[in-house]
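Text of the file start.csv, holding CSV, C-alpha atoms:
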chain,number,residue,atom,x,y,z
A,224,ALA,CA,-30.3,52.8,-31.7
A,225,GLN,CA,-32.6,54.5,-34.1
A,226,SER,CA,-31.4,55.7,-37.5
A,227,VAL,CA,-32.7,57.1,-40.8
A,228,THR,CA,-31.2,56.2,-44.2
A,229,GLN,CA,-31.7,58.1,-47.3
A,230,LEU,CA,-29.9,56.0,-49.9
A,231,ASP,CA,-30.0,58.4,-52.7
A,232,SER,CA,-27.8,61.5,-52.2
A,233,GLN,CA,-28.9,63.0,-55.6
A,234,VAL,CA,-31.8,62.3,-57.9
A,235,PRO,CA,-32.0,63.9,-61.3
A,236,VAL,CA,-35.4,63.8,-63.0
A,237,PHE,CA,-37.0,65.4,-66.0
A,238,GLU,CA,-39.8,67.9,-65.6
A,239,GLU,CA,-43.3,66.3,-65.5
A,240,ALA,CA,-41.8,62.9,-64.8
A,241,PRO,CA,-42.7,61.0,-61.6
A,242,VAL,CA,-40.2,60.8,-58.7
A,243,GLU,CA,-39.7,58.7,-55.6
A,244,LEU,CA,-37.3,59.6,-52.8
A,245,ARG,CA,-36.5,56.7,-50.5
A,246,CYS,CA,-36.3,56.7,-46.8
A,247,ASN,CA,-35.8,53.8,-44.5
A,248,TYR,CA,-35.5,53.8,-40.7
A,249,SER,CA,-34.6,51.5,-37.9
A,250,SER,CA,-36.3,51.5,-34.6
A,251,SER,CA,-37.4,49.0,-32.0
A,252,VAL,CA,-40.4,51.2,-31.1
A,253,SER,CA,-43.2,52.8,-33.0
A,254,VAL,CA,-42.2,56.0,-34.8
A,255,TYR,CA,-43.5,59.3,-36.1
A,256,LEU,CA,-42.2,60.1,-39.6
A,257,PHE,CA,-41.6,63.4,-41.4
A,258,TRP,CA,-40.5,64.8,-44.7
A,259,TYR,CA,-39.0,68.3,-44.9
A,260,VAL,CA,-37.9,70.3,-47.9
A,261,GLN,CA,-35.1,72.8,-48.0
A,262,TYR,CA,-35.1,75.2,-51.0
A,263,PRO,CA,-31.8,76.9,-51.9
A,264,ASN,CA,-30.7,79.5,-49.2
A,265,GLN,CA,-33.7,78.7,-47.0
A,266,GLY,CA,-34.5,76.8,-43.8
A,267,LEU,CA,-36.3,73.5,-43.8
A,268,GLN,CA,-40.1,73.4,-44.0
A,269,LEU,CA,-42.5,70.5,-43.4
A,270,LEU,CA,-43.9,68.7,-46.4
A,271,LEU,CA,-45.9,66.1,-44.6
A,272,LYS,CA,-45.9,63.9,-41.5
A,273,TYR,CA,-47.2,60.5,-40.4
A,274,LEU,CA,-48.4,60.2,-36.8
A,275,SER,CA,-51.0,57.4,-37.0
A,276,GLY,CA,-54.0,56.2,-39.1
A,277,SER,CA,-53.9,56.0,-42.8
A,278,THR,CA,-50.5,54.9,-44.1
A,279,LEU,CA,-50.8,57.2,-47.2
A,280,VAL,CA,-50.1,60.7,-46.2
A,281,LYS,CA,-50.7,63.7,-48.5
A,282,GLY,CA,-48.6,66.8,-48.1
A,283,ILE,CA,-48.1,70.2,-49.7
A,284,ASN,CA,-47.2,70.8,-53.3
A,285,GLY,CA,-48.6,67.5,-54.6
A,286,PHE,CA,-46.3,65.3,-52.6
A,287,GLU,CA,-47.4,62.1,-50.8
A,288,ALA,CA,-45.7,59.4,-48.8
A,289,GLU,CA,-46.6,55.9,-47.7
A,290,PHE,CA,-45.7,54.4,-44.4
A,291,ASN,CA,-44.7,50.8,-44.7
A,292,LYS,CA,-44.2,49.2,-41.3
A,293,SER,CA,-43.0,45.8,-42.5
A,294,GLN,CA,-40.4,47.4,-44.7
A,295,THR,CA,-39.7,50.2,-42.2
A,296,SER,CA,-39.9,52.7,-45.1
A,297,PHE,CA,-41.5,56.1,-45.7
A,298,HIS,CA,-40.9,56.9,-49.3
A,299,LEU,CA,-41.9,60.3,-50.8
A,300,ARG,CA,-43.5,60.4,-54.2
A,301,LYS,CA,-44.8,63.0,-56.7
A,302,PRO,CA,-46.5,61.9,-59.9
A,303,SER,CA,-45.2,64.9,-61.9
A,304,VAL,CA,-42.4,67.2,-60.8
A,305,HIS,CA,-41.8,70.8,-61.7
A,306,ILE,CA,-38.6,72.8,-62.0
A,307,SER,CA,-39.6,74.5,-58.7
A,308,ASP,CA,-39.4,71.2,-56.9
A,309,THR,CA,-35.6,71.4,-57.2
A,310,ALA,CA,-34.5,71.3,-53.5
A,311,GLU,CA,-33.0,69.1,-50.8
A,312,TYR,CA,-35.4,66.7,-49.1
A,313,PHE,CA,-34.9,65.4,-45.6
A,314,CYS,CA,-36.6,62.4,-44.0
A,315,ALA,CA,-36.9,62.5,-40.2
A,316,VAL,CA,-38.0,60.0,-37.5
A,317,SER,CA,-39.1,60.5,-34.0
A,318,PRO,CA,-39.3,57.4,-31.9
A,319,GLY,CA,-42.5,57.2,-29.9
A,320,GLY,CA,-42.3,58.2,-26.3
A,321,THR,CA,-39.1,60.3,-26.8
A,322,TYR,CA,-38.2,63.8,-27.7
A,323,LYS,CA,-35.6,62.6,-30.2
A,324,TYR,CA,-35.9,63.9,-33.8
A,325,ILE,CA,-33.5,62.2,-36.2
A,326,PHE,CA,-32.9,63.6,-39.6
A,327,GLY,CA,-31.5,61.7,-42.6
A,328,THR,CA,-28.6,62.9,-44.7
A,329,GLY,CA,-30.9,64.4,-47.3
A,330,THR,CA,-31.6,63.8,-51.0
A,331,ARG,CA,-30.9,66.5,-53.6
A,332,LEU,CA,-33.7,66.5,-56.2
A,333,LYS,CA,-32.7,68.2,-59.4
A,334,VAL,CA,-35.5,68.7,-61.9
A,335,LEU,CA,-34.3,69.1,-65.5
A,336,ALA,CA,-36.0,71.0,-68.3
B,297,ASP,CA,-42.0,83.0,-43.5
B,298,SER,CA,-41.9,80.5,-40.6
B,299,GLY,CA,-42.1,83.1,-37.9
B,300,VAL,CA,-38.7,82.0,-36.5
B,301,THR,CA,-36.1,84.8,-36.6
B,302,GLN,CA,-32.3,84.4,-36.5
B,303,THR,CA,-29.7,87.0,-36.2
B,304,PRO,CA,-27.2,87.8,-37.6
B,305,LYS,CA,-27.8,86.4,-41.1
B,306,HIS,CA,-24.1,86.3,-41.9
B,307,LEU,CA,-21.1,86.2,-39.6
B,308,ILE,CA,-17.4,86.3,-40.5
B,309,THR,CA,-14.8,85.9,-37.8
B,310,ALA,CA,-11.3,84.5,-37.2
B,311,THR,CA,-10.1,81.3,-35.6
B,312,GLY,CA,-10.0,81.4,-31.9
B,313,GLN,CA,-12.8,83.9,-31.6
B,314,ARG,CA,-16.2,83.6,-29.9
B,315,VAL,CA,-19.6,84.4,-31.4
B,316,THR,CA,-23.2,84.4,-30.3
B,317,LEU,CA,-26.1,83.4,-32.5
B,318,ARG,CA,-29.6,84.5,-31.5
B,319,CYS,CA,-32.9,82.9,-32.2
B,320,SER,CA,-36.5,84.0,-31.5
B,321,PRO,CA,-39.1,81.2,-31.8
B,322,ARG,CA,-42.5,81.5,-33.2
B,323,SER,CA,-45.0,83.1,-31.0
B,324,GLY,CA,-46.4,80.5,-28.6
B,325,ASP,CA,-43.7,77.9,-29.2
B,326,LEU,CA,-42.0,76.7,-26.0
B,327,SER,CA,-39.2,74.6,-27.5
B,328,VAL,CA,-36.1,75.6,-29.5
B,329,TYR,CA,-33.7,73.4,-31.4
B,330,TRP,CA,-30.3,74.2,-32.8
B,331,TYR,CA,-28.8,72.5,-35.8
B,332,GLN,CA,-25.5,72.8,-37.7
B,333,GLN,CA,-25.5,72.2,-41.5
B,334,SER,CA,-22.3,71.7,-43.4
B,335,LEU,CA,-21.4,70.1,-46.7
B,336,ASP,CA,-19.4,67.3,-45.2
B,337,GLN,CA,-21.5,66.5,-42.1
B,338,GLY,CA,-25.0,67.3,-43.4
B,339,LEU,CA,-27.7,68.4,-40.9
B,340,GLN,CA,-26.6,67.8,-37.3
B,341,PHE,CA,-28.8,68.2,-34.3
B,342,LEU,CA,-27.0,70.1,-31.5
B,343,ILE,CA,-29.3,70.8,-28.7
B,344,GLN,CA,-33.0,71.3,-27.7
B,345,TYR,CA,-34.5,73.5,-25.0
B,346,TYR,CA,-38.0,73.4,-23.6
B,347,ASN,CA,-39.4,76.4,-21.6
B,348,GLY,CA,-35.9,77.3,-20.5
B,349,GLU,CA,-34.6,73.9,-19.6
B,350,GLU,CA,-32.3,71.7,-21.7
B,351,ARG,CA,-34.3,68.7,-23.0
B,352,ALA,CA,-32.0,66.8,-25.4
B,353,LYS,CA,-28.4,67.0,-26.5
B,354,GLY,CA,-27.0,65.9,-29.8
B,355,ASN,CA,-23.5,66.3,-31.3
B,356,ILE,CA,-22.7,69.5,-29.6
B,357,LEU,CA,-19.0,70.2,-29.0
B,358,GLU,CA,-17.8,71.3,-25.5
B,359,ARG,CA,-16.7,74.6,-27.1
B,360,PHE,CA,-20.4,75.3,-27.9
B,361,SER,CA,-23.1,76.2,-25.4
B,362,ALA,CA,-26.6,77.4,-25.5
B,363,GLN,CA,-29.4,78.7,-23.3
B,364,GLN,CA,-33.0,79.6,-23.5
B,365,PHE,CA,-34.1,82.7,-21.7
B,366,PRO,CA,-37.4,83.5,-19.8
B,367,ASP,CA,-38.8,85.3,-22.8
B,368,LEU,CA,-38.1,82.0,-24.8
B,369,HIS,CA,-35.5,83.4,-27.1
B,370,SER,CA,-32.3,81.3,-27.4
B,371,GLU,CA,-28.6,81.9,-27.9
B,372,LEU,CA,-26.0,79.6,-29.2
B,373,ASN,CA,-22.4,80.5,-28.1
B,374,LEU,CA,-19.5,79.2,-30.1
B,375,SER,CA,-16.0,79.7,-28.7
B,376,SER,CA,-12.4,79.0,-29.7
B,377,LEU,CA,-13.6,78.8,-33.2
B,378,GLU,CA,-11.9,76.6,-35.7
B,379,LEU,CA,-12.1,76.6,-39.5
B,380,GLY,CA,-14.2,73.5,-39.4
B,381,ASP,CA,-17.0,75.4,-37.5
B,382,SER,CA,-17.8,77.2,-40.7
B,383,ALA,CA,-21.4,76.2,-41.4
B,384,LEU,CA,-25.0,77.2,-41.5
B,385,TYR,CA,-26.6,77.2,-38.1
B,386,PHE,CA,-30.3,76.8,-38.0
B,387,CYS,CA,-32.7,77.4,-35.1
B,388,ALA,CA,-36.1,75.7,-35.1
B,389,SER,CA,-39.0,76.0,-32.8
B,390,SER,CA,-42.1,73.8,-32.0
B,391,THR,CA,-45.0,74.1,-29.7
B,392,GLN,CA,-44.3,71.5,-27.0
B,393,GLY,CA,-41.0,69.9,-28.1
B,394,GLY,CA,-42.5,66.5,-28.4
B,395,GLY,CA,-41.9,63.9,-31.1
B,396,THR,CA,-45.2,64.6,-32.9
B,397,ASP,CA,-44.4,68.3,-33.3
B,398,THR,CA,-43.7,70.0,-36.6
B,399,GLN,CA,-40.4,72.0,-36.3
B,400,TYR,CA,-40.4,75.5,-37.8
B,401,PHE,CA,-37.0,76.5,-39.1
B,402,GLY,CA,-35.5,79.9,-39.2
B,403,PRO,CA,-33.5,81.2,-42.2
B,404,GLY,CA,-30.2,80.3,-40.6
B,405,THR,CA,-27.0,82.1,-39.7
B,406,ARG,CA,-24.1,81.5,-42.0
B,407,LEU,CA,-20.8,81.4,-40.1
B,408,THR,CA,-17.5,81.8,-41.8
B,409,VAL,CA,-14.4,81.2,-39.8
B,410,LEU,CA,-11.2,82.5,-41.5
For the file at hand, write its structure as structure tokens.
Amino acid sequence: AQSVTQLDSQVPVFEEAPVELRCNYSSSVSVYLFWYVQYPNQGLQLLLKYLSGSTLVKGINGFEAEFNKSQTSFHLRKPSVHISDTAEYFCAVSPGGTYKYIFGTGTRLKVLA
Amino acid sequence: DSGVTQTPKHLITATGQRVTLRCSPRSGDLSVYWYQQSLDQGLQFLIQYYNGEERAKGNILERFSAQQFPDLHSELNLSSLELGDSALYFCASSTQGGGTDTQYFGPGTRLTVL
């Protein structure tokens, strides 16, 4: 069965520091990968997605993620975070050829001044 | 603004009652998804509809049901409510309901069961 693991439930980081939020998945088939962000009191919105092609994907607000097939990972990175990046970040996987869409448990990013 | 609307924004009710949550998808989107988000369970996929037909089912309780109408809006019905049903309920929509789609989320309905 497919699954998504976000190992870090909370990540505190100082403003202007780099951050990496980890996402690992398990699947016996090829997958499509997504990162969504949820700001306080709002719904989720798409940050970026990997469907095919270049393994480095750039998204909105300066975020990027790298698809690593051998390590079954899709970690999210930002070189310099802002206070406004404080939010919950969800990784999601869709196994190819299915309609399934599996979300991870989320990582709360807290950017400190 | 994602273009997905949900009503009501807040709902307070008592145990044993029944409520209906409504969702209007983005213009042109054929697929609707329902999710439940709570502190202890995280974001749980409930059910997906595509053009009026049920397409996928997740962790949806038997007390819960949903449908998508010909005008593509969707309703989630929750009955025999329990304290544990208190949560944020999100609706999302996408164009074709396939695995490559971006899902656009509404602002959610916060349900409080007293």
Margin query: Using all atoms listed in the file and a cut-off of 12 Å, which residues of chain A sit close to chain B? Please list them as a PyMOL selection string.
Written below: chain A and resi 232+253-275+311-331
Check: Within 12 Å of Ser303 in chain A, counting only C-alpha atoms, which residues qualify if same-chain residues fewer than 4 places away don't, as number ranges by chain?
Finding: A: 236-243, 284-287, 307-308, 334
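For the pair CA of Ser249 in chain A and CA of Trp330 in chain B, the separation is 23.7 Å.
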Could you write range 277-311 of chain A as a short mmCIF file (atom, residue, chain, number, x, y, z; two decimals), in the coordinates of the input, with N, CA and C atoms rebuilt where they are missing?
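Okay, this is what ended up in rebuild.cif:
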data_model
loop_
_atom_site.label_atom_id
_atom_site.label_comp_id
_atom_site.auth_asym_id
_atom_site.auth_seq_id
_atom_site.Cartn_x
_atom_site.Cartn_y
_atom_site.Cartn_z
N SER A 277 -54.15 56.39 -41.45
CA SER A 277 -53.90 56.00 -42.80
C SER A 277 -52.44 56.04 -43.16
N THR A 278 -51.97 54.99 -43.81
CA THR A 278 -50.50 54.90 -44.10
C THR A 278 -50.14 55.79 -45.29
N LEU A 279 -51.10 56.26 -46.05
CA LEU A 279 -50.80 57.20 -47.20
C LEU A 279 -51.08 58.58 -46.70
N VAL A 280 -50.04 59.37 -46.74
CA VAL A 280 -50.10 60.70 -46.20
C VAL A 280 -49.93 61.72 -47.36
N LYS A 281 -50.82 62.68 -47.45
CA LYS A 281 -50.70 63.70 -48.50
C LYS A 281 -50.14 64.98 -47.88
N GLY A 282 -49.24 65.62 -48.63
CA GLY A 282 -48.60 66.80 -48.10
C GLY A 282 -48.84 68.01 -49.06
N ILE A 283 -48.00 69.01 -48.89
CA ILE A 283 -48.10 70.20 -49.70
C ILE A 283 -47.44 69.98 -51.06
N ASN A 284 -47.79 70.84 -52.02
CA ASN A 284 -47.20 70.80 -53.30
C ASN A 284 -47.29 69.51 -54.10
N GLY A 285 -48.35 68.74 -53.81
CA GLY A 285 -48.60 67.50 -54.60
C GLY A 285 -47.82 66.31 -54.14
N PHE A 286 -47.05 66.42 -53.07
CA PHE A 286 -46.30 65.30 -52.60
C PHE A 286 -47.12 64.38 -51.70
N GLU A 287 -46.77 63.10 -51.69
CA GLU A 287 -47.40 62.10 -50.80
C GLU A 287 -46.33 61.12 -50.37
N ALA A 288 -46.59 60.45 -49.26
CA ALA A 288 -45.70 59.40 -48.80
C ALA A 288 -46.46 58.29 -48.19
N GLU A 289 -45.88 57.11 -48.26
CA GLU A 289 -46.60 55.90 -47.70
C GLU A 289 -45.71 55.29 -46.64
N PHE A 290 -46.32 55.08 -45.49
CA PHE A 290 -45.70 54.40 -44.40
C PHE A 290 -45.84 52.91 -44.56
N ASN A 291 -44.70 52.20 -44.58
CA ASN A 291 -44.70 50.80 -44.70
C ASN A 291 -44.01 50.17 -43.48
N LYS A 292 -44.80 49.70 -42.54
CA LYS A 292 -44.20 49.20 -41.30
C LYS A 292 -43.35 48.00 -41.47
N SER A 293 -43.78 47.09 -42.31
CA SER A 293 -43.00 45.80 -42.50
C SER A 293 -41.70 46.07 -43.14
N GLN A 294 -41.66 47.06 -44.02
CA GLN A 294 -40.40 47.40 -44.70
C GLN A 294 -39.67 48.55 -44.03
N THR A 295 -40.21 49.04 -42.97
CA THR A 295 -39.70 50.20 -42.20
C THR A 295 -39.25 51.30 -43.22
N SER A 296 -40.20 51.68 -44.06
CA SER A 296 -39.90 52.70 -45.10
C SER A 296 -40.97 53.79 -45.04
N PHE A 297 -40.60 54.93 -45.58
CA PHE A 297 -41.50 56.10 -45.70
C PHE A 297 -41.06 56.85 -46.92
N HIS A 298 -41.33 56.28 -48.08
CA HIS A 298 -40.90 56.90 -49.30
C HIS A 298 -41.77 58.04 -49.77
N LEU A 299 -41.15 59.04 -50.33
CA LEU A 299 -41.90 60.30 -50.80
C LEU A 299 -42.04 60.17 -52.29
N ARG A 300 -43.23 60.54 -52.76
CA ARG A 300 -43.50 60.40 -54.20
C ARG A 300 -44.22 61.69 -54.69
N LYS A 301 -44.00 61.94 -55.98
CA LYS A 301 -44.80 63.00 -56.70
C LYS A 301 -44.99 62.50 -58.09
N PRO A 302 -46.22 62.51 -58.59
CA PRO A 302 -46.50 61.90 -59.90
C PRO A 302 -45.91 62.76 -61.07
N SER A 303 -45.73 64.06 -60.86
CA SER A 303 -45.20 64.90 -61.90
C SER A 303 -44.51 66.10 -61.32
N VAL A 304 -43.20 66.15 -61.51
CA VAL A 304 -42.40 67.20 -60.80
C VAL A 304 -42.28 68.44 -61.71
N HIS A 305 -42.03 69.55 -61.03
CA HIS A 305 -41.80 70.80 -61.70
C HIS A 305 -40.40 71.31 -61.39
N ILE A 306 -39.93 72.22 -62.20
CA ILE A 306 -38.60 72.80 -62.00
C ILE A 306 -38.51 73.35 -60.55
N SER A 307 -39.59 73.91 -60.06
CA SER A 307 -39.60 74.50 -58.70
C SER A 307 -39.47 73.52 -57.60
N ASP A 308 -39.56 72.24 -57.91
CA ASP A 308 -39.40 71.20 -56.90
C ASP A 308 -37.90 70.93 -56.62
N THR A 309 -37.02 71.53 -57.40
CA THR A 309 -35.60 71.40 -57.20
C THR A 309 -35.25 71.88 -55.77
N ALA A 310 -34.75 70.98 -54.94
CA ALA A 310 -34.50 71.30 -53.50
C ALA A 310 -33.84 70.08 -52.90
N GLU A 311 -33.53 70.22 -51.61
CA GLU A 311 -33.00 69.10 -50.80
C GLU A 311 -34.16 68.59 -49.94
#
